[in-house]
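K.L.:
One file is attached below, input-v4.txt, containing compact mmCIF, C-alpha atoms.
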# COMPACT_ATOMS: atom_id res chain seq x y z
CA GLU F 1 291.03 156.18 128.28
CA ALA F 2 289.76 159.71 128.81
CA GLN F 3 286.16 159.57 129.91
CA VAL F 4 283.29 160.98 131.92
CA THR F 5 281.51 158.27 133.89
CA GLN F 6 277.99 158.58 135.23
CA ASN F 7 276.13 156.24 137.55
CA PRO F 8 273.54 154.92 137.53
CA ARG F 9 272.77 154.78 133.82
CA TYR F 10 269.14 153.92 134.51
CA LEU F 11 267.05 154.49 137.61
CA ILE F 12 263.39 154.26 138.48
CA THR F 13 262.45 155.78 141.79
CA VAL F 14 259.46 157.21 143.62
CA THR F 15 258.53 160.75 144.54
CA GLY F 16 260.39 162.07 147.55
CA LYS F 17 263.10 159.42 147.77
CA LYS F 18 266.46 161.16 147.78
CA LEU F 19 268.89 160.07 145.11
CA THR F 20 272.35 160.94 143.87
CA VAL F 21 273.72 160.60 140.37
CA THR F 22 277.48 160.42 140.42
CA CYS F 23 279.82 161.86 137.81
CA SER F 24 283.54 161.31 137.61
CA GLN F 25 286.10 162.42 135.04
CA ASN F 26 289.67 161.22 134.66
CA MET F 27 291.01 164.13 132.60
CA ASN F 28 291.88 166.48 135.45
CA HIS F 29 289.35 168.96 134.10
CA GLU F 30 288.51 172.02 136.14
CA TYR F 31 285.10 172.65 134.61
CA MET F 32 282.17 170.28 135.09
CA SER F 33 278.49 170.66 134.35
CA TRP F 34 275.15 168.88 134.55
CA TYR F 35 272.44 169.02 131.87
CA ARG F 36 269.04 167.52 131.49
CA GLN F 37 267.63 166.62 128.12
CA ASP F 38 263.93 166.51 127.40
CA PRO F 39 262.16 166.00 124.06
CA GLY F 40 261.99 169.24 122.10
CA LEU F 41 263.94 171.20 124.69
CA GLY F 42 267.50 170.22 123.95
CA LEU F 43 270.16 170.32 126.64
CA ARG F 44 269.41 172.57 129.57
CA GLN F 45 272.07 173.33 132.11
CA ILE F 46 271.31 172.55 135.74
CA TYR F 47 274.51 173.47 137.56
CA TYR F 48 278.12 173.95 136.66
CA SER F 49 281.42 174.19 138.49
CA MET F 50 284.49 176.10 137.45
CA ASN F 51 286.71 174.44 140.03
CA VAL F 52 286.77 172.67 143.38
CA GLU F 53 284.33 174.25 145.86
CA VAL F 54 283.00 176.61 143.16
CA THR F 55 279.50 175.91 141.84
CA ASP F 56 276.93 178.05 140.03
CA LYS F 57 273.33 177.69 138.96
CA GLY F 58 272.51 177.04 135.35
CA ASP F 59 269.18 177.62 133.69
CA VAL F 60 267.13 175.02 135.57
CA PRO F 61 268.61 174.52 139.06
CA GLU F 62 265.36 174.16 141.01
CA GLY F 63 265.07 170.82 142.79
CA TYR F 64 268.75 169.95 142.39
CA LYS F 65 271.91 170.28 144.42
CA VAL F 66 275.53 169.66 143.52
CA SER F 67 278.86 169.56 145.29
CA ARG F 68 282.45 169.76 144.13
CA LYS F 69 284.65 168.59 146.96
CA GLU F 70 287.30 167.20 144.65
CA LYS F 71 288.22 167.92 141.07
CA ARG F 72 287.25 164.60 139.53
CA ASN F 73 283.74 164.24 141.03
CA PHE F 74 280.59 166.30 140.57
CA PRO F 75 277.53 164.51 141.98
CA LEU F 76 273.98 165.64 141.23
CA ILE F 77 271.63 165.36 144.18
CA LEU F 78 267.86 165.25 144.06
CA GLU F 79 266.76 165.72 147.67
CA SER F 80 263.07 165.09 147.00
CA PRO F 81 262.54 163.96 143.41
CA SER F 82 259.31 164.76 141.66
CA PRO F 83 257.84 163.38 138.41
CA ASN F 84 258.82 166.54 136.49
CA GLN F 85 262.43 165.56 137.09
CA THR F 86 261.99 162.50 134.92
CA SER F 87 264.57 163.12 132.25
CA LEU F 88 267.85 162.12 130.67
CA TYR F 89 270.78 163.63 132.52
CA PHE F 90 274.25 164.30 131.18
CA CYS F 91 277.40 165.25 132.97
CA ALA F 92 280.18 166.99 131.08
CA SER F 93 283.67 168.26 131.76
CA SER F 94 286.15 170.55 130.08
CA SER F 95 289.75 171.62 130.48
CA GLY F 96 288.80 175.24 130.06
CA VAL F 97 289.84 175.72 126.45
CA GLY F 98 286.47 174.83 125.03
CA GLU F 99 285.35 171.35 124.20
CA LEU F 100 282.94 169.64 126.55
CA PHE F 101 283.30 165.91 127.03
CA PHE F 102 280.02 164.21 127.85
CA GLY F 103 279.15 161.12 129.80
CA GLU F 104 276.82 158.49 128.37
CA GLY F 105 273.81 159.79 130.25
CA SER F 106 271.59 158.71 133.14
CA ARG F 107 267.94 158.07 132.45
CA LEU F 108 265.86 158.84 135.51
CA THR F 109 262.19 158.05 135.98
CA VAL F 110 260.36 159.41 139.02
CA LEU F 111 257.00 157.77 139.68
CA GLY T 112 266.16 185.42 127.65
CA GLU T 113 268.82 184.96 125.06
CA SER T 114 269.17 181.52 123.63
CA VAL T 115 270.58 179.44 120.88
CA GLY T 116 268.09 177.95 118.47
CA LEU T 117 267.92 175.91 115.32
CA HIS T 118 265.89 176.80 112.26
CA LEU T 119 264.81 173.24 111.40
CA PRO T 120 263.93 170.44 113.78
CA THR T 121 264.34 167.74 111.11
CA LEU T 122 266.35 167.39 107.94
CA SER T 123 266.27 164.54 105.42
CA VAL T 124 268.94 164.19 102.76
CA GLN T 125 269.86 161.61 100.16
CA GLU T 126 272.96 159.57 100.79
CA GLY T 127 275.85 161.21 99.01
CA ASP T 128 274.35 164.68 99.04
CA ASN T 129 275.64 167.53 101.15
CA SER T 130 273.82 168.49 104.35
CA ILE T 131 273.52 171.94 105.82
CA ILE T 132 272.32 172.38 109.38
CA ASN T 133 271.67 175.89 110.59
CA CYS T 134 271.76 177.58 113.95
CA ALA T 135 270.90 181.10 115.12
CA TYR T 136 272.37 182.60 118.23
CA SER T 137 271.27 185.76 119.94
CA ASN T 138 274.14 186.73 122.23
CA SER T 139 276.62 188.84 120.30
CA ALA T 140 279.05 188.44 123.21
CA SER T 141 279.44 184.71 122.57
CA ASP T 142 282.90 184.00 121.29
CA TYR T 143 283.06 180.24 120.94
CA PHE T 144 280.76 177.81 119.19
CA ILE T 145 280.65 174.05 118.93
CA TRP T 146 278.72 171.51 116.93
CA TYR T 147 277.88 168.21 118.62
CA LYS T 148 276.47 164.99 117.20
CA GLN T 149 274.27 162.79 119.32
CA GLU T 150 273.42 159.26 118.25
CA SER T 151 270.56 157.38 119.79
CA GLY T 152 271.31 156.27 123.34
CA LYS T 153 274.65 158.06 123.51
CA GLY T 154 276.01 161.28 124.86
CA PRO T 155 276.79 164.24 122.57
CA GLN T 156 280.07 163.98 120.73
CA PHE T 157 282.22 166.88 119.60
CA ILE T 158 282.33 167.44 115.84
CA ILE T 159 283.94 170.79 115.23
CA ASP T 160 284.33 174.16 116.86
CA ILE T 161 284.97 177.74 115.82
CA ARG T 162 285.94 180.91 117.60
CA SER T 163 284.52 184.31 116.84
CA ASN T 164 287.72 185.54 115.21
CA MET T 165 287.14 183.06 112.38
CA ASP T 166 284.49 182.80 109.65
CA LYS T 167 285.11 179.25 108.53
CA ARG T 168 286.72 176.10 109.79
CA GLN T 169 287.03 172.77 108.06
CA GLY T 170 287.37 169.27 109.36
CA GLN T 171 287.05 165.89 107.80
CA ARG T 172 283.90 166.13 105.62
CA VAL T 173 282.54 168.89 107.87
CA THR T 174 282.74 172.65 107.64
CA VAL T 175 281.46 175.20 110.11
CA LEU T 176 280.61 178.71 108.96
CA LEU T 177 280.12 181.63 111.30
CA ASN T 178 278.38 184.82 110.26
CA LYS T 179 278.69 187.25 113.12
CA THR T 180 276.78 189.98 111.31
CA VAL T 181 273.56 188.01 111.39
CA LYS T 182 274.54 185.78 114.29
CA HIS T 183 274.26 182.60 112.31
CA LEU T 184 276.17 179.33 112.48
CA SER T 185 275.98 176.45 110.06
CA LEU T 186 277.36 172.95 109.80
CA GLN T 187 277.98 171.51 106.37
CA ILE T 188 278.48 167.79 105.96
CA ALA T 189 279.87 166.69 102.62
CA ALA T 190 278.79 163.44 100.96
CA THR T 191 276.39 162.54 103.74
CA GLN T 192 276.53 158.91 104.82
CA PRO T 193 274.07 156.70 106.73
CA GLY T 194 276.35 156.97 109.77
CA ASP T 195 275.72 160.70 109.83
CA SER T 196 272.11 160.12 110.90
CA ALA T 197 271.84 161.67 114.35
CA VAL T 198 270.71 164.74 116.21
CA TYR T 199 273.03 167.71 115.80
CA PHE T 200 273.30 170.46 118.41
CA CYS T 201 274.96 173.80 118.19
CA ALA T 202 276.21 175.42 121.36
CA GLU T 203 277.44 178.87 122.21
CA ASN T 204 279.84 179.70 124.94
CA ARG T 205 279.12 182.51 127.34
CA ASN T 206 281.08 183.75 130.32
CA GLY T 207 284.01 181.51 129.74
CA GLN T 208 282.89 177.93 130.06
CA ASN T 209 279.14 178.15 130.37
CA PHE T 210 277.58 176.60 127.28
CA VAL T 211 273.99 176.94 126.05
CA PHE T 212 272.64 174.41 123.60
CA GLY T 213 269.98 174.67 120.94
CA PRO T 214 267.07 172.20 120.68
CA GLY T 215 268.80 170.10 118.00
CA THR T 216 268.18 169.05 114.41
CA ARG T 217 267.52 165.43 113.56
CA LEU T 218 269.34 164.47 110.37
CA SER T 219 268.00 161.48 108.49
CA VAL T 220 269.98 160.05 105.59
CA LEU T 221 267.84 158.43 102.93
CA PRO T 222 269.20 155.50 100.90
Show me the file's structure as structure tokens.
P.N.:
Amino acid sequence: EAQVTQNPRYLITVTGKKLTVTCSQNMNHEYMSWYRQDPGLGLRQIYYSMNVEVTDKGDVPEGYKVSRKEKRNFPLILESPSPNQTSLYFCASSSGVGELFFGEGSRLTVL
Amino acid sequence: GESVGLHLPTLSVQEGDNSIINCAYSNSASDYFIWYKQESGKGPQFIIDIRSNMDKRQGQRVTVLLNKTVKHLSLQIAATQPGDSAVYFCAENRNGQNFVFGPGTRLSVLP
């Protein structure tokens, strides 16, 4: 089954404790992207990647890092999480002809 | 900066009626648009897409209209059903695969 898998789905952590949200897709997609979703603000892009070893900032990259060492994985790294990074995070991938496939989301709470 | 936005944050319709959800985009260079549906607790799901060389595209019970003159996109849902209740996002594609999403419209279907 074609899918984008994120882990963890839910996480409560404390300020400053580094965490990684993993994202994996099994569709051999070149393009992958991370979004955060907050009430009233829709989906805002954090980082995206057009291919292996190619990453670019989205609209809200501050406080986040990503890596794309292999095509299927695109982890989102929060080196020192802060409460304003409490949000719902979505990973998405695309073959390059348009449609984005989304994961089920990761709800992060930073205390 | 340029962005994609929605005219109405909420929309309530009677079951069986047609729904129209609107979206304004500001980047005339965007050439690909998608409508997504997001149900509570789930990731966005693709509904229908349209490219800028088209004015209209139809799917099963859904139609997307694109008016490039006024930079307006709409999603029409025929014979709205309770299962259509969700948040609907429009997205525009810039620079190849970099999507920007609007804030979303919550559609509520009344019995």
K.L.:
Define the interface residues of chain F facing chain T as those within 8 Å, counting only C-alpha atoms, and report them as a VMD selection string.
P.N.:
chain F and resid 31 40 to 45 48 50 90 96 98 to 105
K.L.:
Could you give me, as a list in words, the residues within 9 Å of Asp128 in chain T, counting all atoms listed in the file and dropping anything in the same chain fewer than 2 positions from it?
P.N.:
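Using all atoms listed in the file, the neighbours found are Val124, Gln125, Glu126, Ser130, Ile188, Ala189, Ala190, Thr191 and Gln192 of chain T.
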K.L.:
Between CA of Lys65 in chain F and CA of Thr5 in chain F, what is the spacing in Å?
P.N.:
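Separation of CA of Thr5 in chain F and CA of Lys65 in chain F: 18.6 Å.
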K.L.:
Mind pulling up the distance from CA of Glu150 in chain T to CA of Gly170 in chain T?
P.N.:
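Interatomic distance here is 19.3 Å.
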K.L.:
At what distance in Å, to one decimal, does CA of Ser106 in chain F lie from CA of Tyr199 in chain T?
P.N.:
19.6 Å
K.L.:
Using only C-alpha atoms, which of T:Thr121, T:Ser163, T:Ser196, T:Thr174 sits nearest Ser141 in chain T?
P.N.:
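Closest candidate: T:Ser163.
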K.L.:
Given the choices F:Cys91, F:Thr55, F:Leu78, F:Asp38, which gets closest to Gly16 in chain F if the distance is worked out from all atoms listed in the file?
P.N.:
F:Leu78
K.L.:
Could you list, as a PyMOL selection string, every residue within 6 Å of Ala197 in chain T, counting all atoms listed in the file and ignoring same-chain residues fewer than 4 positions away?
P.N.:
chain T and resi 149-150+217-218
K.L.:
Counting only C-alpha atoms, find the residues whose atoms lie at most 6 Å from (281.1, 159.8, 133.5) (file coordinates) and write them out as a ChimeraX atom specification.
P.N.:
/F:4-6,23-25,103
K.L.:
Which residues come within 9 Å of Val110 in chain F, counting only C-alpha atoms, excluding same-chain residues fewer than 2 positions away, as a list in words?
P.N.:
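These residues fall inside the cut-off: Leu11, Ile12, Thr13, Val14, Thr15, Gly16, Pro81, Ser82, Pro83, Asn84, Gln85, Thr86, Ser87 and Leu108 of chain F.
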K.L.:
Could you name the residues that touch Ser67 in chain F at 10 Å or less, counting all atoms listed in the file, but leaving out those on the same chain fewer than 5 positions away, as number ranges by chain?
P.N.:
F: 47-49, 52-55, 73-77
K.L.:
Nearest to Thr22 in chain F: which of F:Arg9, F:Lys71, F:Ser94, F:Asn51 is it, counting all atoms listed in the file?
P.N.:
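Selected residue with least distance to Thr22 in chain F: F:Arg9.
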K.L.:
Between T:Ser151, T:Ser139, T:Ser185, T:Ser123, which has the minimum distance to Val173 in chain T (counting all atoms listed in the file)?
P.N.:
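Checking each of T:Ser151, T:Ser139, T:Ser185, T:Ser123 against Val173 in chain T, counting all atoms listed in the file, the winner is T:Ser185.
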